[in-house]
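Quick look at entry_20.tsv (TSV, C-alpha atoms and all ligand atoms):
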```
chain	number	residue	atom	x	y	z
A	1	MET	CA	11.80	-18.13	-16.12
A	2	ARG	CA	14.33	-17.26	-13.42
A	3	ARG	CA	13.09	-18.15	-9.95
A	4	LEU	CA	13.89	-15.65	-7.23
A	5	ARG	CA	14.80	-16.85	-3.75
A	6	VAL	CA	12.72	-14.64	-1.48
A	7	GLY	CA	12.55	-13.82	2.19
A	8	LEU	CA	9.42	-12.38	3.82
A	9	VAL	CA	10.08	-9.77	6.50
A	10	GLY	CA	7.07	-9.60	8.79
A	11	ALA	CA	4.18	-12.04	8.47
A	12	GLY	CA	1.26	-10.44	10.27
A	13	LEU	CA	-2.09	-9.60	8.75
A	14	VAL	CA	-1.06	-8.71	5.19
A	15	GLY	CA	2.02	-10.94	5.26
A	16	GLN	CA	-0.17	-13.98	5.91
A	17	ALA	CA	-3.40	-12.95	4.17
A	18	ALA	CA	-1.57	-11.95	0.99
A	19	HIS	CA	2.21	-12.02	0.50
A	20	ALA	CA	3.17	-15.46	1.86
A	21	PHE	CA	0.26	-17.10	0.07
A	22	TYR	CA	0.95	-15.48	-3.30
A	23	LEU	CA	4.72	-16.02	-3.07
A	24	TRP	CA	4.15	-19.67	-2.27
A	25	GLN	CA	1.54	-20.03	-5.00
A	26	ASP	CA	3.64	-18.45	-7.77
A	27	ARG	CA	6.36	-21.08	-7.66
A	28	GLU	CA	7.38	-20.40	-11.25
A	29	ARG	CA	8.71	-17.03	-10.21
A	30	PHE	CA	9.44	-17.31	-6.49
A	31	ASP	CA	10.89	-19.67	-3.97
A	32	LEU	CA	9.80	-18.55	-0.48
A	33	VAL	CA	12.77	-19.83	1.48
A	34	ALA	CA	13.02	-17.54	4.51
A	35	LEU	CA	10.97	-15.60	7.02
A	36	ALA	CA	12.00	-12.99	9.58
A	37	ASP	CA	9.42	-12.32	12.28
A	38	PRO	CA	9.99	-11.76	16.01
A	39	SER	CA	6.86	-13.74	16.91
A	40	PRO	CA	7.76	-17.39	17.70
A	41	SER	CA	4.20	-18.58	17.03
A	42	VAL	CA	4.12	-16.85	13.63
A	43	ARG	CA	7.47	-18.46	12.71
A	44	THR	CA	6.28	-21.92	13.73
A	45	ALA	CA	2.93	-21.61	11.95
A	46	MET	CA	4.42	-20.17	8.76
A	47	GLY	CA	7.21	-22.73	8.66
A	48	ALA	CA	4.63	-25.52	8.76
A	49	ARG	CA	2.11	-23.84	6.45
A	50	TYR	CA	4.51	-22.97	3.65
A	51	ASN	CA	7.40	-25.32	4.34
A	52	ILE	CA	9.80	-22.41	4.94
A	53	ALA	CA	13.20	-23.70	5.97
A	54	GLU	CA	14.86	-20.52	7.23
A	55	LEU	CA	12.92	-19.08	10.16
A	56	HIS	CA	14.50	-16.12	11.95
A	57	ALA	CA	13.52	-13.58	14.55
A	58	GLY	CA	15.24	-10.62	12.87
A	59	LEU	CA	16.50	-9.26	9.58
A	60	ASP	CA	20.24	-9.78	10.23
A	61	ASP	CA	19.91	-13.57	10.32
A	62	LEU	CA	17.62	-13.51	7.29
A	63	LEU	CA	20.23	-11.54	5.33
A	64	ALA	CA	22.76	-14.27	6.02
A	65	CYS	CA	20.61	-16.66	3.91
A	66	GLU	CA	21.20	-16.89	0.20
A	67	LEU	CA	18.45	-14.64	-1.19
A	68	ASP	CA	17.66	-12.55	-4.27
A	69	ALA	CA	14.87	-10.45	-2.81
A	70	VAL	CA	12.76	-9.59	0.22
A	71	VAL	CA	9.15	-8.59	0.66
A	72	ILE	CA	8.79	-6.24	3.62
A	73	ALA	CA	5.45	-6.42	5.45
A	74	ALA	CA	6.62	-5.35	8.90
A	75	PRO	CA	5.13	-2.37	10.81
A	76	ASP	CA	5.32	1.04	9.11
A	77	PRO	CA	8.06	2.68	11.22
A	78	LEU	CA	10.48	-0.18	10.47
A	79	HIS	CA	10.33	0.16	6.68
A	80	PRO	CA	13.27	2.57	6.20
A	81	ALA	CA	15.75	0.58	8.30
A	82	LEU	CA	14.63	-2.81	6.95
A	83	ALA	CA	14.55	-1.69	3.31
A	84	ALA	CA	17.87	0.16	3.48
A	85	ALA	CA	19.62	-2.83	5.12
A	86	SER	CA	18.16	-5.27	2.58
A	87	LEU	CA	19.22	-3.11	-0.36
A	88	ALA	CA	22.69	-2.71	1.16
A	89	ALA	CA	22.88	-6.50	1.33
A	90	GLY	CA	22.31	-6.59	-2.44
A	91	LEU	CA	18.66	-7.69	-2.41
A	92	HIS	CA	15.73	-6.45	-4.45
A	93	VAL	CA	12.98	-5.06	-2.23
A	94	LEU	CA	9.20	-4.98	-2.45
A	95	CYS	CA	8.15	-2.79	0.48
A	96	GLU	CA	4.65	-2.36	1.84
A	97	LYS	CA	3.02	1.05	1.91
A	98	PRO	CA	3.53	3.59	3.31
A	99	LEU	CA	7.11	3.32	2.09
A	100	SER	CA	7.89	5.45	5.12
A	101	LEU	CA	5.91	7.58	7.54
A	102	THR	CA	8.36	10.40	6.84
A	103	VAL	CA	9.81	12.06	3.76
A	104	SER	CA	13.29	11.58	5.23
A	105	GLY	CA	12.62	7.82	5.44
A	106	CYS	CA	11.68	7.75	1.73
A	107	ASP	CA	14.92	9.58	0.94
A	108	ARG	CA	16.93	7.12	3.01
A	109	ILE	CA	15.45	4.20	1.07
A	110	ALA	CA	15.94	5.88	-2.32
A	111	ALA	CA	19.60	6.60	-1.48
A	112	ALA	CA	20.14	2.97	-0.43
A	113	ARG	CA	18.53	1.82	-3.68
A	114	ASP	CA	20.80	4.10	-5.73
A	115	ARG	CA	23.91	2.83	-3.94
A	116	SER	CA	22.90	-0.79	-4.43
A	117	GLY	CA	21.59	-0.65	-8.00
A	118	ARG	CA	18.84	-3.04	-6.92
A	119	VAL	CA	15.10	-2.76	-7.48
A	120	LEU	CA	12.88	-1.03	-4.94
A	121	GLN	CA	9.18	-1.37	-5.63
A	122	VAL	CA	6.51	0.15	-3.40
A	123	ALA	CA	3.69	-2.30	-2.69
A	124	TYR	CA	0.81	-0.15	-3.93
A	125	MET	CA	-1.07	-3.22	-5.09
A	126	LYS	CA	-4.05	-1.23	-6.42
A	127	ARG	CA	-1.73	0.16	-9.10
A	128	TYR	CA	-1.40	-3.42	-10.41
A	129	ASP	CA	-5.12	-4.17	-10.23
A	130	PRO	CA	-6.37	-5.17	-13.71
A	131	ALA	CA	-9.44	-2.93	-13.35
A	132	TYR	CA	-7.29	0.08	-12.44
A	133	ARG	CA	-5.03	-0.63	-15.43
A	134	SER	CA	-8.10	-0.71	-17.71
A	135	ALA	CA	-9.53	2.44	-16.14
A	136	LEU	CA	-6.45	4.32	-17.35
A	137	ASP	CA	-7.52	3.64	-20.94
A	138	LEU	CA	-11.02	4.91	-20.21
A	139	LEU	CA	-9.89	8.31	-18.93
A	140	PRO	CA	-10.13	11.36	-21.20
A	141	GLU	CA	-6.92	12.31	-22.97
A	142	ARG	CA	-6.64	15.71	-21.29
A	143	VAL	CA	-6.64	16.37	-17.56
A	144	GLU	CA	-8.67	19.53	-18.28
A	145	ASP	CA	-11.61	17.23	-19.02
A	146	ILE	CA	-11.57	15.83	-15.49
A	147	LYS	CA	-13.73	18.01	-13.24
A	148	LEU	CA	-13.67	16.01	-10.04
A	149	ILE	CA	-12.07	12.88	-8.65
A	150	SER	CA	-14.04	11.81	-5.63
A	151	VAL	CA	-12.73	9.13	-3.25
A	152	GLU	CA	-14.83	7.59	-0.49
A	153	VAL	CA	-13.44	4.89	1.78
A	154	ASN	CA	-15.03	3.08	4.71
A	155	ASP	CA	-12.47	0.72	6.16
A	156	PRO	CA	-14.07	-1.09	9.10
A	157	ASP	CA	-12.31	-3.74	11.20
A	158	HIS	CA	-10.67	-6.34	9.01
A	159	GLU	CA	-11.87	-9.44	10.91
A	160	PRO	CA	-14.94	-10.23	8.75
A	161	PHE	CA	-12.71	-10.21	5.67
A	162	VAL	CA	-9.96	-12.50	6.98
A	163	ALA	CA	-11.85	-14.79	9.39
A	164	HIS	CA	-11.93	-17.51	6.69
A	165	LEU	CA	-8.13	-17.43	6.22
A	166	PRO	CA	-5.49	-19.21	8.30
A	167	ILE	CA	-3.93	-16.34	10.26
A	168	THR	CA	-1.74	-16.81	13.32
A	169	ALA	CA	-1.65	-13.82	15.67
A	170	ALA	CA	1.74	-12.26	16.43
A	171	ASP	CA	0.80	-11.92	20.10
A	172	ASP	CA	4.15	-13.11	21.48
A	173	VAL	CA	6.48	-10.45	20.06
A	174	PRO	CA	8.96	-9.65	22.89
A	175	ALA	CA	7.61	-6.70	24.90
A	176	ALA	CA	10.80	-4.66	24.61
A	177	LEU	CA	10.72	-4.86	20.80
A	178	ARG	CA	7.02	-4.00	20.72
A	179	ASP	CA	7.66	-0.95	22.92
A	180	ARG	CA	10.60	0.13	20.75
A	181	THR	CA	8.48	-0.12	17.60
A	182	ARG	CA	5.72	1.93	19.26
A	183	ALA	CA	8.24	4.60	20.26
A	184	GLN	CA	9.66	4.70	16.70
A	185	HIS	CA	6.12	5.03	15.35
A	186	ALA	CA	5.40	7.98	17.65
A	187	ALA	CA	8.73	9.69	16.87
A	188	GLN	CA	8.25	9.34	13.12
A	189	LEU	CA	4.69	10.64	13.26
A	190	GLN	CA	5.94	13.61	15.24
A	191	GLU	CA	8.56	14.28	12.58
A	192	ALA	CA	5.90	14.05	9.87
A	193	ALA	CA	3.55	16.34	11.77
A	194	GLY	CA	6.28	18.84	12.54
A	195	GLY	CA	5.38	18.85	16.23
A	196	ALA	CA	3.67	17.02	19.08
A	197	LEU	CA	0.49	15.05	18.38
A	198	ASP	CA	-2.52	14.26	20.53
A	199	GLU	CA	-4.23	10.86	20.32
A	200	ALA	CA	-6.71	11.91	17.62
A	201	GLY	CA	-3.94	13.49	15.57
A	202	ALA	CA	-1.74	10.38	15.79
A	203	ARG	CA	-4.67	8.18	14.78
A	204	ALA	CA	-5.52	10.43	11.83
A	205	LEU	CA	-1.97	10.85	10.55
A	206	GLY	CA	-0.74	7.27	11.12
A	207	GLY	CA	-4.07	5.68	10.17
A	208	GLY	CA	-6.45	7.49	7.82
A	209	PHE	CA	-3.87	9.60	6.01
A	210	LEU	CA	-0.58	7.66	5.81
A	211	SER	CA	-1.86	4.10	6.07
A	212	ALA	CA	-5.24	4.19	4.29
A	213	LEU	CA	-5.63	7.16	1.93
A	214	VAL	CA	-2.05	6.59	0.79
A	215	HIS	CA	-3.53	3.86	-1.46
A	216	ASP	CA	-5.98	6.28	-3.06
A	217	VAL	CA	-3.43	9.05	-3.42
A	218	ALA	CA	-1.19	6.52	-5.18
A	219	VAL	CA	-4.03	5.57	-7.53
A	220	VAL	CA	-4.77	9.21	-8.39
A	221	HIS	CA	-1.03	9.78	-8.73
A	222	GLY	CA	-0.89	6.96	-11.27
A	223	MET	CA	-3.83	8.40	-13.21
A	224	LEU	CA	-2.25	11.85	-13.32
A	225	ALA	CA	1.08	10.37	-14.45
A	226	HIS	CA	-0.81	8.54	-17.20
A	227	LEU	CA	-2.13	11.95	-18.35
A	228	GLY	CA	1.34	13.49	-18.17
A	229	CYS	CA	0.63	15.53	-15.00
A	230	GLU	CA	2.30	15.72	-11.64
A	231	LEU	CA	0.68	15.07	-8.30
A	232	PRO	CA	0.96	18.30	-6.30
A	233	ALA	CA	3.23	18.23	-3.24
A	234	SER	CA	0.58	19.75	-1.01
A	235	ALA	CA	-3.13	19.60	-0.46
A	236	ASP	CA	-5.14	22.79	-0.07
A	237	GLN	CA	-7.59	21.30	2.43
A	238	GLY	CA	-7.29	18.78	5.20
A	239	ALA	CA	-9.62	17.78	8.03
A	240	LEU	CA	-10.01	15.16	10.69
A	241	PHE	CA	-13.18	14.12	12.52
A	242	ASP	CA	-14.54	11.41	14.82
A	243	GLN	CA	-11.44	11.62	17.04
A	244	GLY	CA	-9.19	11.07	14.05
A	245	ARG	CA	-10.99	7.96	12.79
A	246	GLY	CA	-12.13	10.01	9.82
A	247	VAL	CA	-9.96	12.20	7.59
A	248	GLN	CA	-10.45	14.32	4.50
A	249	LEU	CA	-8.19	16.01	2.01
A	250	ALA	CA	-8.62	17.98	-1.18
A	251	PHE	CA	-6.40	19.52	-3.83
A	252	ALA	CA	-6.65	21.15	-7.23
A	253	LEU	CA	-6.03	19.30	-10.48
A	254	PRO	CA	-3.69	20.92	-13.02
A	255	GLY	CA	-6.58	21.58	-15.44
A	256	GLY	CA	-8.84	23.36	-12.94
A	257	GLY	CA	-10.66	20.31	-11.56
A	258	ARG	CA	-10.55	19.04	-7.96
A	259	VAL	CA	-9.73	15.90	-6.03
A	260	ALA	CA	-11.62	15.25	-2.78
A	261	MET	CA	-11.00	12.23	-0.56
A	262	THR	CA	-12.80	11.04	2.57
A	263	TYR	CA	-11.78	8.10	4.74
A	264	LEU	CA	-13.75	6.79	7.66
A	265	ASN	CA	-13.60	3.81	9.92
A	266	LEU	CA	-17.17	2.76	10.78
A	267	HIS	CA	-16.75	-0.03	13.30
A	268	GLY	CA	-20.45	-0.74	13.39
A	269	VAL	CA	-20.87	-1.68	9.71
A	270	PRO	CA	-18.69	-4.50	8.38
A	271	ASP	CA	-18.93	-3.23	4.82
A	272	TYR	CA	-15.64	-2.42	3.15
A	273	HIS	CA	-16.23	0.40	0.72
A	274	GLU	CA	-13.65	2.06	-1.49
A	275	ARG	CA	-14.91	4.01	-4.45
A	276	ILE	CA	-12.99	6.29	-6.78
A	277	THR	CA	-15.21	8.26	-9.16
A	278	ILE	CA	-13.73	10.35	-11.96
A	279	PHE	CA	-16.27	12.90	-13.18
A	280	CYS	CA	-15.29	14.05	-16.68
A	281	THR	CA	-16.93	16.37	-19.21
A	282	ASP	CA	-18.35	13.46	-21.24
A	283	ARG	CA	-18.17	10.43	-18.95
A	284	ILE	CA	-18.01	9.18	-15.39
A	285	VAL	CA	-15.47	6.44	-14.73
A	286	GLU	CA	-15.80	4.60	-11.43
A	287	LEU	CA	-13.72	2.00	-9.63
A	288	GLU	CA	-15.05	0.11	-6.62
A	289	PHE	CA	-12.43	-1.91	-4.80
A	290	PRO	CA	-13.38	-4.88	-2.62
A	291	SER	CA	-11.63	-5.52	0.70
A	292	PRO	CA	-8.01	-6.24	-0.24
A	293	TYR	CA	-8.07	-9.56	1.64
A	294	LEU	CA	-10.76	-11.15	-0.54
A	295	ARG	CA	-9.16	-13.18	-3.29
A	296	HIS	CA	-10.32	-13.26	-6.91
A	297	LEU	CA	-13.06	-10.72	-6.28
A	298	PRO	CA	-12.79	-8.29	-9.20
A	299	THR	CA	-12.65	-4.57	-8.68
A	300	ARG	CA	-15.75	-3.10	-10.29
A	301	LEU	CA	-15.14	-0.75	-13.20
A	302	ARG	CA	-18.06	1.18	-14.64
A	303	VAL	CA	-18.36	3.94	-17.21
A	304	ARG	CA	-21.45	6.11	-17.59
A	305	ARG	CA	-21.96	8.37	-20.58
A	306	ARG	CA	-24.67	9.78	-22.78
A	307	GLY	CA	-26.26	7.17	-25.03
A	308	GLY	CA	-28.64	7.93	-27.91
A	309	GLY	CA	-31.07	10.83	-27.28
A	310	GLN	CA	-31.52	11.48	-23.57
A	311	ALA	CA	-30.43	7.99	-22.58
A	312	LEU	CA	-27.63	7.18	-20.17
A	313	GLU	CA	-25.40	4.34	-21.21
A	314	VAL	CA	-23.80	2.36	-18.39
A	315	GLN	CA	-21.00	-0.04	-19.22
A	316	GLU	CA	-19.56	-2.47	-16.76
A	317	HIS	CA	-16.07	-3.77	-17.54
A	318	ARG	CA	-15.40	-7.14	-15.90
A	319	VAL	CA	-11.72	-7.10	-16.63
A	320	SER	CA	-10.25	-10.10	-14.86
A	321	HIS	CA	-10.45	-12.23	-11.74
A	322	GLU	CA	-6.73	-11.87	-11.20
A	323	ASP	CA	-5.66	-10.47	-7.84
A	324	ALA	CA	-3.89	-7.15	-7.51
A	325	PHE	CA	-1.42	-8.68	-5.02
A	326	ARG	CA	-0.45	-11.37	-7.51
A	327	GLU	CA	-0.06	-8.90	-10.35
A	328	GLN	CA	2.10	-6.78	-8.07
A	329	LEU	CA	4.40	-9.75	-7.42
A	330	ARG	CA	4.62	-10.52	-11.13
A	331	ALA	CA	5.65	-6.93	-11.80
A	332	PHE	CA	8.23	-7.16	-9.02
A	333	HIS	CA	9.66	-10.31	-10.57
A	334	ALA	CA	9.80	-8.63	-13.99
A	335	ALA	CA	11.58	-5.59	-12.53
A	336	ALA	CA	14.02	-7.66	-10.47
A	337	THR	CA	14.94	-9.80	-13.47
A	338	GLY	CA	15.49	-6.73	-15.67
A	339	GLN	CA	12.45	-7.28	-17.90
A	340	ALA	CA	10.49	-4.16	-16.94
A	341	PRO	CA	10.98	-0.87	-15.14
A	342	VAL	CA	9.61	-0.32	-11.64
A	343	LEU	CA	6.10	1.10	-11.86
A	344	THR	CA	5.69	2.27	-8.26
A	345	THR	CA	8.89	4.01	-7.24
A	346	ALA	CA	10.30	5.53	-4.07
A	347	GLU	CA	10.06	8.95	-5.71
A	348	GLN	CA	6.32	8.56	-6.26
A	349	ALA	CA	5.86	7.36	-2.70
A	350	ARG	CA	7.80	10.36	-1.41
A	351	ARG	CA	5.44	12.73	-3.22
A	352	ASP	CA	2.41	10.82	-1.86
A	353	ILE	CA	3.75	11.16	1.69
A	354	GLU	CA	4.41	14.88	1.16
A	355	LEU	CA	0.85	15.47	-0.01
A	356	LEU	CA	-0.72	13.43	2.79
A	357	THR	CA	1.43	15.08	5.44
A	358	SER	CA	0.52	18.52	4.15
A	359	ALA	CA	-3.18	17.63	4.41
A	360	PHE	CA	-2.70	16.56	8.02
A	361	ARG	CA	-0.84	19.76	8.86
A	362	GLN	CA	-3.76	21.76	7.46
A	363	ALA	CA	-6.22	19.67	9.43
A	364	VAL	CA	-4.59	20.65	12.72
A	365	ALA	CA	-3.45	24.17	11.81
B	401	LIG	N1	-1.35	-3.40	0.96
B	401	LIG	C1	-2.31	-3.47	1.86
B	401	LIG	O1	-3.50	-3.51	1.54
B	401	LIG	C2	-1.95	-3.56	3.31
B	401	LIG	C3	-2.88	-4.08	4.23
B	401	LIG	C4	-2.49	-4.13	5.56
B	401	LIG	C5	-1.25	-3.68	5.97
B	401	LIG	N2	-0.38	-3.16	5.05
B	401	LIG	C6	0.95	-2.69	5.46
B	401	LIG	O2	1.75	-3.85	5.69
B	401	LIG	C7	2.57	-3.69	6.82
B	401	LIG	C8	2.22	-4.73	7.87
B	401	LIG	O3	0.89	-4.51	8.29
B	401	LIG	P1	0.05	-5.64	9.04
B	401	LIG	O4	-1.34	-5.12	9.13
B	401	LIG	O5	0.29	-6.97	8.41
B	401	LIG	O6	0.73	-5.56	10.47
B	401	LIG	P2	0.72	-6.65	11.64
B	401	LIG	O7	0.95	-5.88	12.88
B	401	LIG	O8	-0.49	-7.52	11.53
B	401	LIG	O9	1.99	-7.55	11.32
B	401	LIG	C9	3.30	-7.09	11.41
B	401	LIG	C10	4.21	-8.31	11.50
B	401	LIG	O10	5.55	-7.85	11.52
B	401	LIG	C11	6.23	-8.52	12.56
B	401	LIG	N3	7.35	-7.69	13.00
B	401	LIG	C12	7.40	-6.80	14.01
B	401	LIG	N4	8.64	-6.31	14.12
B	401	LIG	C13	9.39	-6.89	13.14
B	401	LIG	C14	10.75	-6.80	12.74
B	401	LIG	N5	11.60	-5.99	13.36
B	401	LIG	N6	11.18	-7.55	11.70
B	401	LIG	C15	10.31	-8.37	11.05
B	401	LIG	N7	9.01	-8.51	11.41
B	401	LIG	C16	8.56	-7.77	12.43
B	401	LIG	C17	5.17	-8.79	13.63
B	401	LIG	O11	5.55	-9.85	14.48
B	401	LIG	C18	3.97	-9.14	12.77
B	401	LIG	O12	3.96	-10.52	12.46
B	401	LIG	C19	2.35	-2.24	7.29
B	401	LIG	O13	3.31	-1.42	6.70
B	401	LIG	C20	0.96	-1.91	6.75
B	401	LIG	O14	0.78	-0.53	6.54
B	401	LIG	C21	-0.70	-3.11	3.73
```
In structure tokens, write the structure found in this file.
Amino acid sequence: MRRLRVGLVGAGLVGQAAHAFYLWQDRERFDLVALADPSPSVRTAMGARYNIAELHAGLDDLLACELDAVVIAAPDPLHPALAAASLAAGLHVLCEKPLSLTVSGCDRIAAARDRSGRVLQVAYMKRYDPAYRSALDLLPERVEDIKLISVEVNDPDHEPFVAHLPITAADDVPAALRDRTRAQHAAQLQEAAGGALDEAGARALGGGFLSALVHDVAVVHGMLAHLGCELPASADQGALFDQGRGVQLAFALPGGGRVAMTYLNLHGVPDYHERITIFCTDRIVELEFPSPYLRHLPTRLRVRRRGGGQALEVQEHRVSHEDAFREQLRAFHAAATGQAPVLTTAEQARRDIELLTSAFRQAVA
């Protein structure tokens, strides 16, 4: 198997809790040789933890290393510039979600990918989750037989789910860079919103919609693609509540059914909850995802349908203890070495961002 020399761009929460660990662990496929992160303490800690030789503050120095690929886990507003520069340097890119906060950012990345001929994979890890992959086979054949897809997410603070992991805080990023990133974040949200945002609006758009529900939209997008249907470009309902800590969206399915999603951020209850229920004419298929930071904890997949007589038959499918993040990296390796097509593309991400943005615009209309 060809080993890819990889650089990690940004090693904060998800970079440390997931990407660095899985890259380091999967030594058959990857050699984690470089890190770019502006935090000196993150660089020092990661260099020692994973024996990374090339430690740099920014992308330019990282690109001077001999690499095949990068994994981008830097803050959202930096994705377009970092991904486009990495592709232009001839590297394959696995980029965290949201691919970009704006549709124009997605287009910029897709154009850079097309010029480079390299692989660009969006890090929608749930699309690589073994339980999600199995759920596809349990769906009805026709979208007309899906009446409702209901998504419910409570995403409280992440601390209880990562306290057991070695995580070094990036609390010494130079202030000027931090301020610039904040300003870019605000400007990109404003572009996505099509106008000025208040605090609740910025929290809802940048948090609940584009950072959190983007996962669930991507999952539903994958299910629809599996059934040969497109994800619509716009939602027909959007709402925000609890000062933007909660958001909702809804849209029609091609066959007459509906999709309804609710996200909330209950600080008081450290119970991660992410449930996707597909109500069909003859079955109910349900996925329950654990906190993404918990390793080897399977996503729960259950199917309920009529048994004999009046009985309800409930089947639980314990598919695998493999982690979605690891499967995602394996798929990235396969795509980058020409063995498989990219499953989660920039084009899909663009459509997801369009839909989410439209829901936000309706919420504040
Ligand atoms: N897939 C998931 O489940 C998941 C979970 C959390 C976050 N994310 C996504 O991953 C990305 C990172 O999120 P996070 O929660 O780890 O953020 P974070 O703020 O904890 O970490 C960001 C890291 O990037 C570094 N950084 C800042 N500017 C940089 C630059 N110019 N170049 C390189 N590194 C830079 C910071 O120093 C920090 O170490 C975001 O896009 C987020 O939406 C995905």
Legend entry - Shortest interatomic distance to A:Pro160 - which of A:Ser100, A:Gln339, A:Asn51, A:Ser291, counting all atoms listed in the file: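 With all atoms listed in the file as the atom set, the closest residue is A:Ser291.
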Legend entry - Expected selection as a ChimeraX atom specification for ligand LIG 401 (chain B) within 7 Å, all atoms listed in the file: /A:9-15,36-39,42,58-59,73-76,78,96-98,123-125,170,173,211,292
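Here atom CA of A:His333 is placed at a distance of 9.7 Å from atom CA of A:Leu94.
Taking atom CA of A:Pro77 and atom CA of A:His164 as the two end points, the separation is 28.8 Å.
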Inset, instruction - Find the residue from A:Ser41, A:Ser116, A:Gln121, A:Thr102 that sits nearest to A:Thr345; use all atoms listed in the file when measuring. - result: A:Gln121
Legend entry - Selection as JSON, numbers by chain: residues within 9 Å of (-0.3, 13.9, 4.4), counting all atoms listed in the file: {"A": [192, 193, 205, 209, 210, 213, 214, 234, 235, 238, 249, 352, 353, 354, 355, 356, 357, 358, 359, 360, 361]}
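Atom CA of A:Ala69 is positioned 6.5 Å from atom CA of A:Arg5.
Using all atoms listed in the file, the shortest contact distance between A:Arg127 and any of A:Leu148, A:Val33, A:Ala218, A:Ala187 is found at A:Ala218.
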Legend entry - Nearest-residue call for A:Arg115, choices A:Ala89, A:Glu286, A:Ser134, A:Phe332, using all atoms listed in the file: A:Ala89
Inset, instruction - Show which residues sit within 12 Å of A:Ala324, as a PyMOL selection string. Count only C-alpha atoms, and ignore same-chain residues fewer than 3 positions away. - result: chain A and resi 18-19+22+123-133+289-299+320-321+327-331
Legend entry - Closest of A:Ile52, A:Ala34, A:Val153, A:Ala20 to A:Asp68 - atom-to-atom distances counting all atoms listed in the file: A:Ala34
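Using only C-alpha atoms for every distance, the candidate list A:Arg113, A:His317, A:Arg2, A:Arg49 yields A:Arg113 as the residue closest to A:Ala346.
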